[in-house]
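Please read the structure below before turning to the comments.
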Amino acid sequence: MKPTKYIFAAALFCSLCLPLQAKLNVVATLPDFASIAQEIGGDKIDITALAKATEDPHFVDARPSFVVKLREADVLIDGGAELEIGWLPPLLQNARNPKIEVGKPGRVQASEGIRLMNVPANVTRAAGDVHAMGNPHFTVDPIIAKAIAQHIATAFAAVDPPNAAAYQANYKTFEAKINAKLQEWGAKLLPFKGQSLVAYHDSWVYFAHRFGFNIDIFLEPKPGIPPSPSHLTEVIAQMKAQKIKVILVEPFHDRRIAEKVASATGAKVVDFAQFPGGLPGTDTYVKLIDALVSRLAVALK
Ligand SMILES: [Zn+2]
């Protein structure tokens with residue numbers, strides 16, 4: 001064989017064989033989507049989460065390596081609902097990857113088909129409100145997590161049809177796991193149903209709705225705005241009046257502020273996280289919800 005022919009044959013061979021052997025290259029903006037994608041993709045995918053589990057999802061530190069990851073992605077999973085609006089759009093622009101544009105099979109927007117809570121009557125980003133489209137922290141509701149998992153399975157099947165049956169089977173397994181756990185979680189929290197809690201940021205409205213809590217008071221005066229002394233004075237008065245016992249904080253919040261409010265009210269500060277890996281021993285979605293449920297049950301006892 002002449003060298004040129006050989007090169008051509010080798011190139012043709014590789015263009016046919018490599019895509020079949022390669023794993024699906026999946027990028028998720030946040031660790032919760034990555035964790036669910038891993039459950040669905042199993043060993044058929046390589047998954048990268050851009051943000052760390054301990055980072056504020058609204059204000060992720062965008063590194064140049066993110067652009068490379070996005071350029072090489074077969075599938076991108078993001079939240080939509082403006083959760084990543086502060087950092088994702090410029091990265092996507094630089095990555096120039098048509099496979100993961102909105103509307104393409106390689107783009108999963110987790111909020112699609114999910115009814116957002118707390119959608120304001122008038123959309124305004126005035127005063128720095130980062131929840132202008134409604135609350136984007138929906139994955140902590142396990143029933144919504146199942147919907148996201150199904151959405152991901154459908155997308156993986158569309159992008160990688162030879163493994164469609166595997167993705168569907170993994171979805172069924174995840175669904176069954178969540179269904180079994182929902183009973184256990186519900187039973188553990190049942191004695192505390194109807195109680196009010198305080199949170200640093202408005203991250204828990206879907207969790208509260210699922211398990212029967214009220215979380216309507218926040219250390220932040222508006223989502224994304226740091227606590228001010230006058231606002232905290234008001235929060236302390238409300239907590240005393242309602243005898244609220246728990247303040248939920250996330251890894252990226254200023255815990256000292258929560259501790260001050262706790263010491264003024266006799267409440268406990270409870271470390272919570274939206275993302276698998278954000279608390280010790282929570283490397284999967286189910287383990288994360290397990291941890292949230294038991295931490296809350298212990299604090300409210
Ligand atoms: Zn938020």
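To be explicit about the labels: the chains of the structure tokens are called A, B, and onward in the order shown, and within each one the residues are counted from 1, while ligands get numbers from 1 in the order they are shown.
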Contacts with ligand 1 at most 9 Å, only C-alpha atoms and all ligand atoms counted, listed as number ranges by chain: A: 56-58, 83, 129-131, 135-137, 201-203, 223-224
Test item, strand (DSSP E) assignment across stretch 1-230 of chain A, answer as number ranges by chain: A: 24-28, 45-49, 75-78, 107-109, 196-199, 214-218
Please produce an output containing N, CA, C and O atoms for each residue in the selection, written as a short mmCIF file (atom, residue, chain, number, x, y, z; two decimals), in the first residue's frame.
data_model
loop_
_atom_site.label_atom_id
_atom_site.label_comp_id
_atom_site.auth_asym_id
_atom_site.auth_seq_id
_atom_site.Cartn_x
_atom_site.Cartn_y
_atom_site.Cartn_z
N LEU A 24 -19.27 8.74 26.23
CA LEU A 24 -19.95 10.02 26.04
C LEU A 24 -19.30 11.04 26.99
O LEU A 24 -19.14 10.77 28.18
N ASN A 25 -18.94 12.18 26.41
CA ASN A 25 -18.25 13.20 27.20
C ASN A 25 -19.29 14.18 27.75
O ASN A 25 -19.83 15.01 27.01
N VAL A 26 -19.58 14.06 29.03
CA VAL A 26 -20.68 14.83 29.61
C VAL A 26 -20.12 15.88 30.58
O VAL A 26 -19.30 15.56 31.44
N VAL A 27 -20.58 17.11 30.42
CA VAL A 27 -20.22 18.18 31.35
C VAL A 27 -21.49 18.65 32.05
O VAL A 27 -22.53 18.82 31.40
N ALA A 28 -21.42 18.80 33.35
CA ALA A 28 -22.53 19.37 34.12
C ALA A 28 -22.03 20.64 34.78
O ALA A 28 -20.89 20.69 35.25
N ILE A 45 -20.24 6.85 30.26
CA ILE A 45 -19.94 8.29 30.14
C ILE A 45 -18.71 8.68 30.97
O ILE A 45 -18.35 7.99 31.93
N ASP A 46 -18.10 9.78 30.56
CA ASP A 46 -17.13 10.47 31.41
C ASP A 46 -17.79 11.76 31.84
O ASP A 46 -18.26 12.53 31.00
N ILE A 47 -17.84 12.01 33.14
CA ILE A 47 -18.57 13.17 33.62
C ILE A 47 -17.64 14.18 34.29
O ILE A 47 -16.74 13.80 35.03
N THR A 48 -17.87 15.45 34.00
CA THR A 48 -17.14 16.54 34.66
C THR A 48 -18.16 17.51 35.23
O THR A 48 -19.08 17.92 34.53
N ALA A 49 -18.00 17.87 36.50
CA ALA A 49 -18.79 18.97 37.07
C ALA A 49 -17.91 20.20 37.09
O ALA A 49 -16.76 20.14 37.52
N VAL A 75 -22.39 16.33 25.64
CA VAL A 75 -23.63 16.73 26.32
C VAL A 75 -23.28 17.74 27.41
O VAL A 75 -22.29 17.57 28.12
N LEU A 76 -24.10 18.79 27.51
CA LEU A 76 -23.99 19.73 28.63
C LEU A 76 -25.31 19.73 29.40
O LEU A 76 -26.38 19.86 28.81
N ILE A 77 -25.20 19.57 30.71
CA ILE A 77 -26.37 19.66 31.57
C ILE A 77 -26.24 20.92 32.43
O ILE A 77 -25.26 21.06 33.17
N ASP A 78 -27.18 21.83 32.28
CA ASP A 78 -27.21 23.01 33.15
C ASP A 78 -28.59 23.15 33.76
O ASP A 78 -29.51 22.42 33.39
N ARG A 107 -27.91 19.18 24.68
CA ARG A 107 -28.08 20.17 25.74
C ARG A 107 -29.28 19.79 26.60
O ARG A 107 -30.40 19.71 26.10
N VAL A 108 -29.03 19.57 27.87
CA VAL A 108 -30.09 19.30 28.82
C VAL A 108 -30.21 20.50 29.75
O VAL A 108 -29.26 20.83 30.45
N GLN A 109 -31.35 21.15 29.75
CA GLN A 109 -31.61 22.21 30.73
C GLN A 109 -32.56 21.62 31.76
O GLN A 109 -33.73 21.35 31.48
N SER A 196 -41.30 25.83 61.24
CA SER A 196 -40.65 26.86 60.45
C SER A 196 -39.15 26.85 60.71
O SER A 196 -38.71 26.63 61.85
N LEU A 197 -38.36 27.07 59.67
CA LEU A 197 -36.91 27.13 59.77
C LEU A 197 -36.44 28.43 59.12
O LEU A 197 -37.17 29.03 58.34
N VAL A 198 -35.21 28.80 59.44
CA VAL A 198 -34.61 29.96 58.80
C VAL A 198 -33.44 29.46 57.94
O VAL A 198 -32.76 28.50 58.32
N ALA A 199 -33.21 30.09 56.79
CA ALA A 199 -32.07 29.72 55.96
C ALA A 199 -31.28 30.98 55.62
O ALA A 199 -31.82 32.08 55.59
N ASN A 214 -41.81 25.13 56.63
CA ASN A 214 -41.90 26.51 56.13
C ASN A 214 -40.51 27.12 56.23
O ASN A 214 -39.96 27.19 57.33
N ILE A 215 -39.96 27.50 55.11
CA ILE A 215 -38.65 28.19 55.14
C ILE A 215 -38.82 29.49 54.35
O ILE A 215 -38.59 29.56 53.15
N ASP A 216 -39.31 30.52 55.08
CA ASP A 216 -39.66 31.79 54.43
C ASP A 216 -38.85 32.95 54.97
O ASP A 216 -39.05 34.09 54.55
N ILE A 217 -37.97 32.68 55.95
CA ILE A 217 -37.18 33.76 56.54
C ILE A 217 -35.71 33.48 56.23
O ILE A 217 -35.23 32.36 56.42
N PHE A 218 -35.02 34.52 55.74
CA PHE A 218 -33.64 34.32 55.28
C PHE A 218 -32.72 35.37 55.88
O PHE A 218 -33.13 36.52 56.08
#
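In this comparison, which uses only C-alpha atoms, the residue of A:Leu50, A:Glu82, A:Phe275, A:Val249 approaching A:Ser65 most closely is A:Leu50.
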Among listed residues A:Thr233, A:Ser35, A:Ser228, A:Gln195, nearest A:Thr139 (using only C-alpha atoms):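 Among the listed residues, A:Ser35 lies closest to A:Thr139.
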Test item: residues at most 10 Å from A:Ile148, only C-alpha atoms, excluding those fewer than 6 positions along its chain, as a PyMOL selection string: chain A and resi 33+36-37+77+79+108-114+138-139+142+154
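You can rank A:Glu55, A:Glu175, A:Glu250, A:Asp160 by their closest distance to A:Pro105 using only C-alpha atoms, and at the top of that list sits A:Asp160.
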Might you pull out every residue within 10 Å of A:Val293, with only C-alpha atoms counted and same-chain residues fewer than 5 positions away left off, and present them as a CSV table (one decimal) with C-alpha atoms, in the first residue's frame?
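As written to disk, out_12.csv reads:
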chain,number,residue,atom,x,y,z
A,184,GLU,CA,-38.0,6.6,54.8
A,185,TRP,CA,-37.3,10.3,54.5
A,186,GLY,CA,-40.9,11.2,54.9
A,188,LYS,CA,-38.1,10.5,59.6
A,189,LEU,CA,-39.3,14.1,59.2
A,207,PHE,CA,-37.2,20.6,49.9
A,211,PHE,CA,-41.3,17.5,53.4
A,272,PHE,CA,-26.8,22.0,54.8
A,287,LYS,CA,-26.6,10.1,50.5
A,288,LEU,CA,-26.9,13.8,50.3
A,298,VAL,CA,-31.4,15.6,65.0
Interatomic distance, atom CA of A:Gln38 to atom CA of A:Leu296 (Å, one decimal):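 One can read the atom CA of A:Gln38 to atom CA of A:Leu296 distance as 26.9 Å.
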Best match for closeness to A:Lys245 among A:Ala299, A:Ile85, A:Leu232, A:Asn170, counting only C-alpha atoms: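 Smallest separation from A:Lys245 among the options: A:Ala299.
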Nearby residues (only C-alpha atoms) at most 10 Å from A:Arg210, same-chain spacing under 3 positions excluded, as a list in words: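 After dropping sequence-adjacent residues, the list is Val140, Asp141, Pro142, Ile143, Ile144, Leu182, Gly186, Trp204, Val205, Tyr206, Phe207 and Phe213 of chain A.
Atom CA of A:Glu220 is found 10.6 Å from atom CA of A:Ala258.
If only C-alpha atoms are the atoms counted, then among A:Leu91, A:Leu30, A:Val60, A:Ala180 the closest residue to A:Phe252 is A:Val60.
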Nearest candidate to A:Tyr167 (options A:Lys52, A:Arg96, A:Arg71, A:His151; using only C-alpha atoms):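 Distance minimum relative to A:Tyr167 lands on A:His151.
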